[in-house]
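Visitor: Have a peek at protein-v8.txt (compact mmCIF, C-alpha atoms).
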```txt
# COMPACT_ATOMS: atom_id res chain seq x y z
CA MET A 1 -61.05 -134.79 48.74
CA SER A 2 -59.75 -131.35 49.69
CA GLU A 3 -62.91 -129.66 50.96
CA PHE A 4 -65.11 -130.65 53.89
CA SER A 5 -68.74 -129.70 54.45
CA VAL A 6 -70.27 -128.06 57.50
CA GLN A 7 -71.84 -131.43 58.31
CA ASP A 8 -68.43 -133.12 58.05
CA ARG A 9 -67.07 -130.67 60.60
CA GLN A 10 -69.98 -131.28 62.95
CA PHE A 11 -69.51 -135.04 62.91
CA MET A 12 -65.74 -134.74 63.35
CA GLN A 13 -66.28 -132.37 66.28
CA ARG A 14 -68.51 -135.02 67.81
CA ALA A 15 -65.69 -137.54 67.34
CA LEU A 16 -63.25 -135.14 69.04
CA ASP A 17 -65.65 -134.65 71.96
CA LEU A 18 -65.82 -138.43 72.36
CA ALA A 19 -62.03 -138.76 72.12
CA ALA A 20 -61.59 -136.26 74.97
CA LYS A 21 -63.37 -138.68 77.29
CA GLY A 22 -60.24 -140.83 77.20
CA GLU A 23 -57.82 -138.06 78.19
CA TYR A 24 -57.50 -139.39 81.73
CA SER A 25 -57.00 -143.06 80.89
CA THR A 26 -55.61 -143.85 77.43
CA ALA A 27 -51.87 -143.14 77.84
CA PRO A 28 -49.52 -144.25 76.43
CA ASN A 29 -52.07 -144.60 73.63
CA PRO A 30 -53.61 -141.48 72.07
CA ALA A 31 -57.17 -140.42 72.85
CA VAL A 32 -59.27 -141.27 69.77
CA GLY A 33 -62.96 -140.93 68.88
CA CYS A 34 -64.96 -142.34 65.99
CA VAL A 35 -68.42 -141.59 64.60
CA LEU A 36 -70.15 -143.68 61.92
CA VAL A 37 -72.71 -141.80 59.81
CA LYS A 38 -75.20 -143.18 57.29
CA ASP A 39 -77.82 -141.13 55.46
CA GLY A 40 -76.94 -138.14 57.62
CA LYS A 41 -77.52 -139.95 60.91
CA ILE A 42 -75.11 -141.38 63.47
CA VAL A 43 -75.38 -145.18 63.50
CA GLY A 44 -72.44 -145.90 65.80
CA GLU A 45 -69.87 -144.04 67.86
CA GLY A 46 -67.22 -144.69 70.44
CA PHE A 47 -63.88 -143.70 71.93
CA HIS A 48 -60.74 -145.48 73.07
CA PHE A 49 -60.81 -145.77 76.85
CA LYS A 50 -57.63 -147.58 77.81
CA ALA A 51 -54.60 -149.33 76.28
CA GLY A 52 -55.44 -152.96 75.64
CA GLN A 53 -59.15 -152.26 75.27
CA PRO A 54 -60.94 -151.85 71.89
CA HIS A 55 -60.00 -148.83 69.81
CA ALA A 56 -62.57 -146.17 68.97
CA GLU A 57 -63.33 -147.59 65.51
CA ARG A 58 -64.02 -151.06 66.93
CA VAL A 59 -66.34 -149.64 69.58
CA ALA A 60 -68.27 -147.65 66.98
CA LEU A 61 -68.48 -150.64 64.60
CA ALA A 62 -69.80 -152.86 67.38
CA GLU A 63 -72.54 -150.34 68.13
CA ALA A 64 -73.46 -149.92 64.48
CA GLY A 65 -73.50 -153.61 63.56
CA GLU A 66 -74.89 -154.16 60.04
CA ARG A 67 -75.69 -150.45 59.77
CA ALA A 68 -71.96 -149.76 59.29
CA LYS A 69 -72.19 -151.02 55.70
CA GLY A 70 -72.11 -148.02 53.39
CA ALA A 71 -71.41 -145.58 56.25
CA THR A 72 -68.86 -142.79 56.49
CA ALA A 73 -66.39 -143.05 59.38
CA TYR A 74 -65.17 -139.87 61.08
CA VAL A 75 -62.01 -140.71 63.05
CA THR A 76 -59.85 -138.27 64.98
CA LEU A 77 -56.66 -140.20 64.12
CA GLU A 78 -55.71 -142.30 61.11
CA PRO A 79 -56.96 -145.88 61.68
CA CYS A 80 -54.14 -148.15 62.85
CA ALA A 81 -52.73 -150.72 60.44
CA HIS A 82 -50.77 -153.00 62.76
CA TYR A 83 -51.45 -155.70 65.31
CA GLY A 84 -50.75 -154.61 68.86
CA ARG A 85 -52.86 -155.62 71.82
CA THR A 86 -55.85 -155.22 69.48
CA PRO A 87 -56.28 -155.97 65.74
CA PRO A 88 -55.89 -153.22 63.08
CA CYS A 89 -58.78 -150.78 62.90
CA ALA A 90 -58.25 -150.20 59.18
CA SER A 91 -59.05 -153.87 58.50
CA GLY A 92 -62.12 -153.63 60.76
CA LEU A 93 -63.48 -150.73 58.70
CA ILE A 94 -62.78 -152.63 55.50
CA GLU A 95 -64.54 -155.77 56.77
CA ALA A 96 -67.54 -153.66 57.81
CA SER A 97 -67.79 -152.27 54.24
CA VAL A 98 -67.77 -148.59 55.11
CA THR A 99 -67.56 -146.48 51.97
CA LYS A 100 -65.60 -143.48 53.21
CA VAL A 101 -63.19 -142.61 56.03
CA LEU A 102 -62.40 -139.05 57.07
CA ALA A 103 -59.46 -138.77 59.47
CA ALA A 104 -58.56 -135.60 61.35
CA VAL A 105 -54.82 -136.24 61.26
CA GLN A 106 -52.29 -138.82 60.11
CA ASP A 107 -50.88 -141.04 62.86
CA PRO A 108 -47.22 -140.10 63.62
CA ASN A 109 -46.55 -143.62 64.94
CA PRO A 110 -44.01 -145.20 62.52
CA GLN A 111 -46.04 -148.41 62.70
CA VAL A 112 -48.94 -146.56 61.09
CA ALA A 113 -47.84 -143.26 59.44
CA GLY A 114 -50.02 -143.50 56.33
CA LYS A 115 -50.29 -147.28 56.21
CA GLY A 116 -53.85 -147.25 57.50
CA LEU A 117 -54.93 -144.84 54.77
CA ARG A 118 -53.14 -146.95 52.14
CA MET A 119 -54.95 -150.08 53.34
CA LEU A 120 -58.26 -148.30 52.92
CA ALA A 121 -57.33 -147.03 49.44
CA GLU A 122 -56.24 -150.50 48.32
CA ALA A 123 -59.64 -151.82 49.47
CA GLY A 124 -61.40 -149.20 47.35
CA ILE A 125 -62.52 -147.06 50.29
CA GLU A 126 -62.42 -143.31 49.75
CA SER A 127 -60.46 -141.49 52.44
CA ALA A 128 -59.22 -138.03 53.31
CA VAL A 129 -57.18 -136.49 56.10
CA GLY A 130 -57.00 -132.97 57.58
CA LEU A 131 -60.50 -132.33 58.93
CA LEU A 132 -60.09 -130.33 62.20
CA GLU A 133 -56.44 -131.38 62.18
CA GLU A 134 -55.22 -128.69 64.58
CA SER A 135 -57.77 -129.65 67.24
CA ALA A 136 -56.90 -133.33 66.87
CA GLU A 137 -53.18 -132.68 67.31
CA LYS A 138 -53.81 -130.47 70.33
CA LEU A 139 -55.84 -133.21 71.99
CA ASN A 140 -52.86 -135.59 71.75
CA LYS A 141 -49.94 -133.16 71.86
CA GLY A 142 -47.93 -135.42 74.17
CA PHE A 143 -48.35 -138.48 71.96
CA PHE A 144 -47.43 -136.50 68.84
CA LYS A 145 -44.30 -135.02 70.41
CA ARG A 146 -43.10 -138.38 71.73
CA MET A 147 -43.63 -140.05 68.37
CA ARG A 148 -41.91 -137.26 66.44
CA GLN A 149 -39.08 -136.30 68.79
CA GLY A 150 -38.74 -139.17 71.26
CA VAL A 151 -39.44 -136.98 74.31
CA PRO A 152 -42.59 -136.03 76.27
CA PHE A 153 -44.52 -132.78 76.09
CA VAL A 154 -43.36 -130.80 79.15
CA GLN A 155 -45.73 -128.59 81.11
CA LEU A 156 -44.17 -126.52 83.89
CA LYS A 157 -46.67 -125.49 86.55
CA LEU A 158 -45.94 -122.27 88.44
CA ALA A 159 -48.00 -120.56 91.13
CA MET A 160 -47.25 -117.00 92.13
CA SER A 161 -48.54 -113.85 93.76
CA LEU A 162 -49.27 -110.65 91.86
CA ASP A 163 -45.69 -109.56 92.49
CA GLY A 164 -44.21 -112.79 91.13
CA ARG A 165 -43.47 -114.51 94.46
CA THR A 166 -44.05 -118.16 95.31
CA ALA A 167 -43.61 -118.26 99.07
CA LEU A 168 -42.73 -116.13 102.06
CA ALA A 169 -39.09 -115.73 102.99
CA ASN A 170 -39.53 -118.45 105.65
CA GLY A 171 -40.81 -120.87 103.00
CA GLU A 172 -44.52 -120.74 103.87
CA SER A 173 -46.62 -121.19 100.72
CA LYS A 174 -49.66 -123.18 101.87
CA TRP A 175 -52.01 -122.13 100.39
CA LEU A 176 -50.94 -119.43 97.95
CA THR A 177 -53.63 -120.20 95.37
CA SER A 178 -57.34 -120.87 95.77
CA THR A 179 -59.19 -124.14 96.29
CA ALA A 180 -60.44 -123.87 92.70
CA SER A 181 -56.89 -123.64 91.36
CA ARG A 182 -55.77 -126.62 93.40
CA SER A 183 -58.70 -128.60 92.00
CA ASP A 184 -57.65 -127.60 88.49
CA VAL A 185 -54.11 -128.82 89.22
CA GLN A 186 -55.51 -132.25 90.13
CA LYS A 187 -57.19 -132.34 86.71
CA MET A 188 -53.92 -131.41 84.99
CA ARG A 189 -52.04 -134.07 86.97
CA ALA A 190 -54.57 -136.69 85.91
CA LYS A 191 -54.09 -135.77 82.24
CA SER A 192 -50.34 -136.34 82.58
CA SER A 193 -48.41 -139.57 82.20
CA ALA A 194 -45.84 -138.53 84.80
CA LEU A 195 -45.14 -135.81 87.36
CA LEU A 196 -41.59 -134.49 87.81
CA SER A 197 -40.37 -132.98 91.06
CA THR A 198 -37.30 -132.98 93.30
CA SER A 199 -36.13 -134.32 96.62
CA ALA A 200 -36.06 -130.72 97.88
CA THR A 201 -39.84 -130.51 97.36
CA VAL A 202 -40.34 -133.87 99.07
CA LEU A 203 -38.24 -132.81 102.06
CA ALA A 204 -39.93 -129.42 102.37
CA ASP A 205 -43.58 -130.46 101.97
CA ASN A 206 -43.68 -134.28 102.22
CA PRO A 207 -46.32 -134.39 99.44
CA SER A 208 -47.98 -137.44 97.89
CA LEU A 209 -47.66 -135.98 94.37
CA ASN A 210 -50.71 -137.95 93.26
CA VAL A 211 -54.17 -137.09 91.98
CA ARG A 212 -56.18 -136.33 95.12
CA TRP A 213 -59.69 -137.57 94.49
CA GLU A 214 -61.14 -135.35 97.22
CA ASP A 215 -59.84 -132.31 95.29
CA PHE A 216 -60.70 -133.63 91.82
CA PRO A 217 -63.22 -131.35 90.02
CA ASN A 218 -66.81 -132.27 90.89
CA ASP A 219 -67.97 -132.08 87.27
CA LEU A 220 -65.40 -134.73 86.34
CA LYS A 221 -66.30 -136.91 89.32
CA ARG A 222 -69.76 -137.22 87.79
CA VAL A 223 -68.19 -138.60 84.58
CA TYR A 224 -65.25 -140.71 85.80
CA ALA A 225 -65.09 -143.35 88.50
CA LYS A 226 -62.22 -142.95 90.94
CA GLN A 227 -60.52 -146.16 89.83
CA THR A 228 -60.52 -145.10 86.17
CA VAL A 229 -58.62 -141.83 86.71
CA ARG A 230 -54.93 -142.34 86.00
CA GLN A 231 -52.36 -141.72 88.71
CA PRO A 232 -49.19 -140.31 87.13
CA VAL A 233 -45.78 -141.88 87.60
CA ARG A 234 -43.87 -139.82 90.19
CA VAL A 235 -40.39 -138.94 88.86
CA LEU A 236 -38.08 -137.49 91.52
CA LEU A 237 -34.66 -135.92 90.99
CA ASP A 238 -32.70 -137.18 93.98
CA SER A 239 -28.99 -136.70 93.29
CA GLN A 240 -28.05 -136.84 97.00
CA HIS A 241 -30.30 -139.82 97.85
CA ARG A 242 -32.30 -137.85 100.41
CA ILE A 243 -35.68 -139.47 99.74
CA ARG A 244 -36.57 -142.22 102.22
CA PRO A 245 -39.17 -145.03 102.23
CA SER A 246 -40.95 -143.25 105.09
CA HIS A 247 -41.95 -140.30 102.91
CA LYS A 248 -45.64 -139.85 102.22
CA LEU A 249 -45.37 -140.35 98.47
CA PHE A 250 -44.80 -144.11 99.04
CA LYS A 251 -48.21 -144.46 100.69
CA THR A 252 -49.73 -144.24 97.20
CA THR A 253 -48.86 -147.18 94.99
CA SER A 254 -48.43 -145.52 91.60
CA PRO A 255 -44.81 -145.95 90.38
CA VAL A 256 -41.98 -143.83 91.76
CA TRP A 257 -38.83 -143.39 89.68
CA LEU A 258 -35.83 -142.02 91.58
CA VAL A 259 -33.41 -140.23 89.26
CA SER A 260 -29.74 -139.92 90.15
CA SER A 261 -26.27 -140.24 88.67
CA VAL A 262 -25.17 -142.72 91.34
CA GLU A 263 -26.86 -146.02 92.12
CA ARG A 264 -28.16 -146.66 95.63
CA ASP A 265 -29.60 -149.58 97.55
CA ILE A 266 -33.40 -149.36 97.29
CA SER A 267 -34.19 -152.78 98.74
CA ALA A 268 -36.06 -151.11 101.63
CA PHE A 269 -38.33 -149.21 99.21
CA PRO A 270 -41.68 -150.56 97.94
CA ASP A 271 -41.70 -152.71 94.81
CA PHE A 272 -43.25 -149.90 92.76
CA CYS A 273 -40.11 -147.80 93.28
CA GLU A 274 -37.19 -148.06 90.86
CA GLN A 275 -34.07 -146.13 89.94
CA ILE A 276 -33.13 -144.29 86.78
CA ILE A 277 -29.37 -143.79 86.60
CA LEU A 278 -28.23 -141.12 84.15
CA PRO A 279 -24.97 -139.26 83.55
CA LYS A 280 -24.70 -136.08 85.59
CA GLN A 281 -23.85 -134.04 82.51
CA ASN A 282 -26.99 -133.09 80.54
CA LEU A 283 -29.09 -135.00 83.08
CA LEU A 284 -32.35 -133.20 82.34
CA SER A 285 -32.19 -133.64 78.57
CA GLU A 286 -31.10 -137.27 79.00
CA LEU A 287 -34.03 -137.77 81.36
CA MET A 288 -36.46 -136.53 78.72
CA PHE A 289 -35.25 -139.14 76.23
CA GLU A 290 -35.41 -141.82 78.90
CA LEU A 291 -38.99 -140.87 79.70
CA GLY A 292 -39.80 -140.96 76.00
CA LYS A 293 -38.46 -144.52 75.82
CA ARG A 294 -40.71 -145.35 78.76
CA GLN A 295 -43.75 -144.10 76.80
CA ILE A 296 -44.36 -140.95 78.82
CA ASN A 297 -46.45 -138.64 76.64
CA CYS A 298 -47.07 -135.63 78.91
CA LEU A 299 -44.79 -134.61 81.77
CA TRP A 300 -46.23 -132.30 84.44
CA VAL A 301 -43.58 -130.47 86.48
CA GLU A 302 -44.12 -129.17 90.02
CA ALA A 303 -40.92 -128.04 91.68
CA GLY A 304 -38.99 -125.11 93.09
CA ALA A 305 -37.16 -122.22 91.49
CA ASN A 306 -33.99 -124.20 90.70
CA LEU A 307 -35.56 -126.92 88.57
CA ALA A 308 -37.98 -124.47 86.96
CA GLY A 309 -35.09 -122.22 85.96
CA SER A 310 -32.99 -125.10 84.65
CA LEU A 311 -35.80 -126.46 82.48
CA ILE A 312 -36.49 -123.00 81.02
CA GLU A 313 -32.80 -122.26 80.48
CA GLN A 314 -32.29 -125.57 78.67
CA LYS A 315 -35.39 -124.95 76.51
CA LEU A 316 -37.09 -128.12 77.68
CA VAL A 317 -40.47 -126.54 78.50
CA ASP A 318 -43.32 -126.73 75.97
CA GLU A 319 -45.90 -124.92 78.10
CA LEU A 320 -45.84 -122.69 81.14
CA ILE A 321 -48.99 -123.11 83.24
CA VAL A 322 -49.07 -120.11 85.57
CA TYR A 323 -51.62 -119.64 88.38
CA ILE A 324 -51.66 -116.07 89.73
CA ALA A 325 -53.17 -115.44 93.17
CA PRO A 326 -54.48 -111.93 94.05
CA LYS A 327 -51.92 -111.48 96.82
CA LEU A 328 -48.81 -109.37 97.35
CA LEU A 329 -45.97 -111.01 99.28
CA GLY A 330 -43.26 -108.34 99.15
CA GLU A 331 -39.68 -108.20 97.94
CA GLN A 332 -38.31 -110.51 100.67
CA ALA A 333 -40.53 -113.37 99.49
CA ARG A 334 -39.15 -116.14 97.27
CA GLY A 335 -38.97 -115.71 93.51
CA LEU A 336 -40.53 -117.77 90.73
CA CYS A 337 -37.50 -119.34 89.08
CA ARG A 338 -33.72 -118.99 89.02
CA LEU A 339 -32.35 -117.99 85.64
CA PRO A 340 -28.90 -116.74 84.56
CA HIS A 341 -28.18 -113.07 85.21
CA LEU A 342 -29.07 -110.94 82.19
CA THR A 343 -27.47 -107.64 81.19
CA ARG A 344 -29.73 -107.02 78.17
CA LEU A 345 -33.51 -107.26 77.89
CA ALA A 346 -32.99 -108.55 74.35
CA ASP A 347 -31.67 -111.80 75.88
CA ALA A 348 -34.79 -112.44 77.95
CA SER A 349 -36.74 -115.64 77.37
CA LEU A 350 -39.85 -114.83 75.30
CA TRP A 351 -43.25 -116.50 75.67
CA ARG A 352 -46.57 -116.26 73.85
CA LEU A 353 -49.87 -116.19 75.74
CA ASP A 354 -52.05 -118.99 74.32
CA ALA A 355 -54.92 -119.10 76.82
CA PHE A 356 -56.20 -117.55 80.03
CA GLN A 357 -59.13 -118.05 82.37
CA GLN A 358 -60.30 -117.04 85.80
CA ILE A 359 -60.38 -119.91 88.29
CA GLY A 360 -61.93 -118.90 91.58
CA ASP A 361 -60.14 -115.72 92.61
CA ASP A 362 -57.05 -116.69 90.63
CA ILE A 363 -56.01 -116.32 86.99
CA LYS A 364 -54.63 -119.24 84.98
CA LEU A 365 -52.31 -118.36 82.09
CA ILE A 366 -50.87 -120.77 79.52
CA TYR A 367 -47.75 -119.74 77.62
CA THR A 368 -45.69 -121.41 74.90
CA PRO A 369 -42.13 -120.49 73.85
CA LYS A 370 -42.09 -117.69 71.32
CA GLY A 371 -40.05 -118.46 68.24
```
Please lay out the structure from this file as structure tokens.
Guide:
Amino acid sequence: MSEFSVQDRQFMQRALDLAAKGEYSTAPNPAVGCVLVKDGKIVGEGFHFKAGQPHAERVALAEAGERAKGATAYVTLEPCAHYGRTPPCASGLIEASVTKVLAAVQDPNPQVAGKGLRMLAEAGIESAVGLLEESAEKLNKGFFKRMRQGVPFVQLKLAMSLDGRTALANGESKWLTSTASRSDVQKMRAKSSALLSTSATVLADNPSLNVRWEDFPNDLKRVYAKQTVRQPVRVLLDSQHRIRPSHKLFKTTSPVWLVSSVERDISAFPDFCEQIILPKQNLLSELMFELGKRQINCLWVEAGANLAGSLIEQKLVDELIVYIAPKLLGEQARGLCRLPHLTRLADASLWRLDAFQQIGDDIKLIYTPKG
């Protein structure tokens, strides 16, 4: 099947809307939705909420019961074909006697990667892939990148004034952006598997680097319970071992990974703290592969000009998330990021604007590397 109807698109969009409900809880698994349709009506639907819990297809099949027989399944990701913490979804669809499966995109996981579709075909079930594929990939961009390249999807958050400054010359930056922007940042943190920062940020601000429920968007509070919203792993570059157990970030029990090239004694740190020891040379790129091995899908970066510049220079950033406050700080204020000195504009790093919105009095811009 190469063409999809308007109705097909409507049902797949419903499946995508369901899948998005798992954005804050499914990692390292992808967010997946499923809708079962019979005689033009939805007879069962569901989404994957958390790793270890039933997948979207199983949830939808349980709701549909006997009505699943002869139905068409709209799934935002190819049904899995392997046993993990849950049984294969492809076999569940076969056992339920659905007649057709439409998948938005093929699963990049080597354990699946077409096997689910082959299982369905061998059972005589018609299937097709590619319906709203771009939207499905965008929903799980971190999962897709980790599966394909072995590294997380990196989002670098930057906040600046109209004149491109991040703080006054004396370091004061609280609060540069609006309450609405800070609430949006909490949402972005919650969507991420891990948050990367530096010991310099910890020493300067003594932050928790967690998702602050009091600042979490009110519309999402009405949908998600506090305990279901994921707290990202805090990953801290600490080459000089300046972070101490007394810092505020250890008052929140989500994992802390201290990254350095030299091992240190961390016996005085909480049990949820561990070390990642990597070679000093190419440390940032090595860290990305290490995070990929640790099943980090999306990495949210909040740090100063040095780390921001290094990540951009080494082409490790997939998205720039820029919040612009309607303020002017002057030429003595601190700059956005430190990059190598350029003598030609032709050598400047190029970015494409993908999205923008007004948040409170601020503007949020999302850029991806051009070319």
Visitor: What separation in Å, quoted to one decimal, exists between CA of Ala64 (chain A) and CA of Val6 (chain A)?
Guide: 23.2 Å
Visitor: Contacts between region 110-113 of chain A and region 30-88 of chain A, please, where a residue of region 30-88 of chain A counts if it comes within 9 Å (with all atoms listed in the file); show its shortest atom pair and distance in Å to one decimal, rows by chain and ascending number, as JSON lines.
Guide:
```
{"residue": "A:Glu78", "atom": "CA", "partner": "A:Val112", "partner_atom": "CA", "distance": 8.0}
{"residue": "A:Pro79", "atom": "CA", "partner": "A:Val112", "partner_atom": "CA", "distance": 8.1}
{"residue": "A:Cys80", "atom": "CA", "partner": "A:Val112", "partner_atom": "CA", "distance": 5.7}
{"residue": "A:Ala81", "atom": "CA", "partner": "A:Val112", "partner_atom": "CA", "distance": 5.7}
{"residue": "A:His82", "atom": "CA", "partner": "A:Gln111", "partner_atom": "CA", "distance": 6.6}
```
Visitor: Just checking: using only C-alpha atoms, which residue out of A:Phe272, A:Ser199, A:Thr228, A:Lys174 ends up closest to Arg242 (chain A)?
Guide: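 Nearest to Arg242 (chain A): A:Ser199.
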Visitor: Using all atoms listed in the file, which protein or nucleic acid residues come within 6 Å of region 358-361 of chain A? Drop anything in the same chain fewer than 2 positions from it, and give the result as a list in words.
Guide: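 Contacts, in chain order: Ala180, Ser181 and Ile363 of chain A.
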Visitor: Quick one, how far is CA of Lys280 (chain A) from CA of Glu313 (chain A)?
Guide: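 Taking CA of Lys280 (chain A) as the start and CA of Glu313 (chain A) as the end point, the length is 16.8 Å.
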Visitor: Quick one: pull the distance between CA of Lys100 (chain A) and CA of Leu117 (chain A), Å, one decimal.
Guide: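 Pair CA of Lys100 (chain A) / CA of Leu117 (chain A) returns 10.9 Å.
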Visitor: Please report, as CSV, each residue of region 279-330 of chain A lying at most 10 Å from region 8-31 of chain A, together with the nearest pair of atoms and the separation in Å rounded to one decimal; use only C-alpha atoms, and order rows by chain and ascending residue number.
Guide:
```
residue,atom,partner,partner_atom,distance
A:Arg294,CA,A:Pro28,CA,9.2
A:Gln295,CA,A:Pro28,CA,5.8
A:Ile296,CA,A:Pro28,CA,6.6
A:Asn297,CA,A:Pro28,CA,6.4
A:Cys298,CA,A:Ala27,CA,9.0
```
Visitor: Near Thr76 (chain A), counting only C-alpha atoms, which residues have an atom at most 6 Å away, once you skip same-chain residues fewer than 6 positions from it, shown as a PDB file with C-alpha atoms, keeping the file's coordinate frame?
Guide:
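selection16.pdb, written as the output of this step:
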```
ATOM      1  CA  VAL A  32     -59.270-141.270  69.770  1.00  0.00           C
ATOM      2  CA  GLY A  33     -62.960-140.930  68.880  1.00  0.00           C
ATOM      3  CA  ALA A 103     -59.460-138.770  59.470  1.00  0.00           C
ATOM      4  CA  ALA A 104     -58.560-135.600  61.350  1.00  0.00           C
TER       5      ALA A 104
END
```
Visitor: May I have the protein, DNA and RNA residues with an atom at most 9 Å from (-35.2, -146.6, 90.2), counting only C-alpha atoms in the file's coordinates, returned as a ChimeraX atom specification?
Guide: /A:256-260,263-264,266,273-277
Visitor: Which of these residues is nearest to Asp205 (chain A), using all atoms listed in the file: A:Val129, A:Val235, A:Ala225, A:Leu249?
Guide: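 Once distances to Asp205 (chain A) are computed over all atoms listed in the file, the minimum belongs to A:Leu249.
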Visitor: Could you list, as a VMD selection string, every residue within 12 Å of Ala128 (chain A), counting only C-alpha atoms and ignoring same-chain residues fewer than 6 positions away?
Guide: chain A and resid 1 to 4 8 72 to 79 99 to 106 114 116 to 118 120 to 121
Visitor: Kindly indicate which residue among A:Ile312, A:Ala325, A:Val154, A:Leu339 lies nearest to Trp351 (chain A), using all atoms listed in the file for the distances.
Guide: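 Going through A:Ile312, A:Ala325, A:Val154, A:Leu339 one by one, the smallest distance to Trp351 (chain A) is for A:Ile312.
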Visitor: I'd like the neighbourhood of Val43 (chain A) as a PyMOL selection string, where a residue qualifies if any of its atoms comes within 9 Å (using all atoms listed in the file), though same-chain residues fewer than 4 positions away should be ignored.
Guide: chain A and resi 35-38+60-61+63-65+67-68+71
Visitor: Name the residues within 7 Å of (-40.5, -141.3, 71.2), counting only C-alpha atoms in the file's coordinates, and put them as a ChimeraX atom specification.
Guide: /A:146-151,292-293
Visitor: Which polymer residues have any atom within 10 Å of an atom of Leu203 (chain A), counting only C-alpha atoms, with same-chain residues fewer than 4 positions away left out, as JSON, numbers by chain?
Guide: {"A": [198, 199, 207, 242, 243, 244, 247]}
Visitor: For a quick check of understanding, using all atoms listed in the file, which of A:Thr368, A:Ser267, A:Ser178, A:Ser5 has the smallest distance to Pro245 (chain A)?
Guide: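 Checking each of A:Thr368, A:Ser267, A:Ser178, A:Ser5 against Pro245 (chain A), counting all atoms listed in the file, the winner is A:Ser267.
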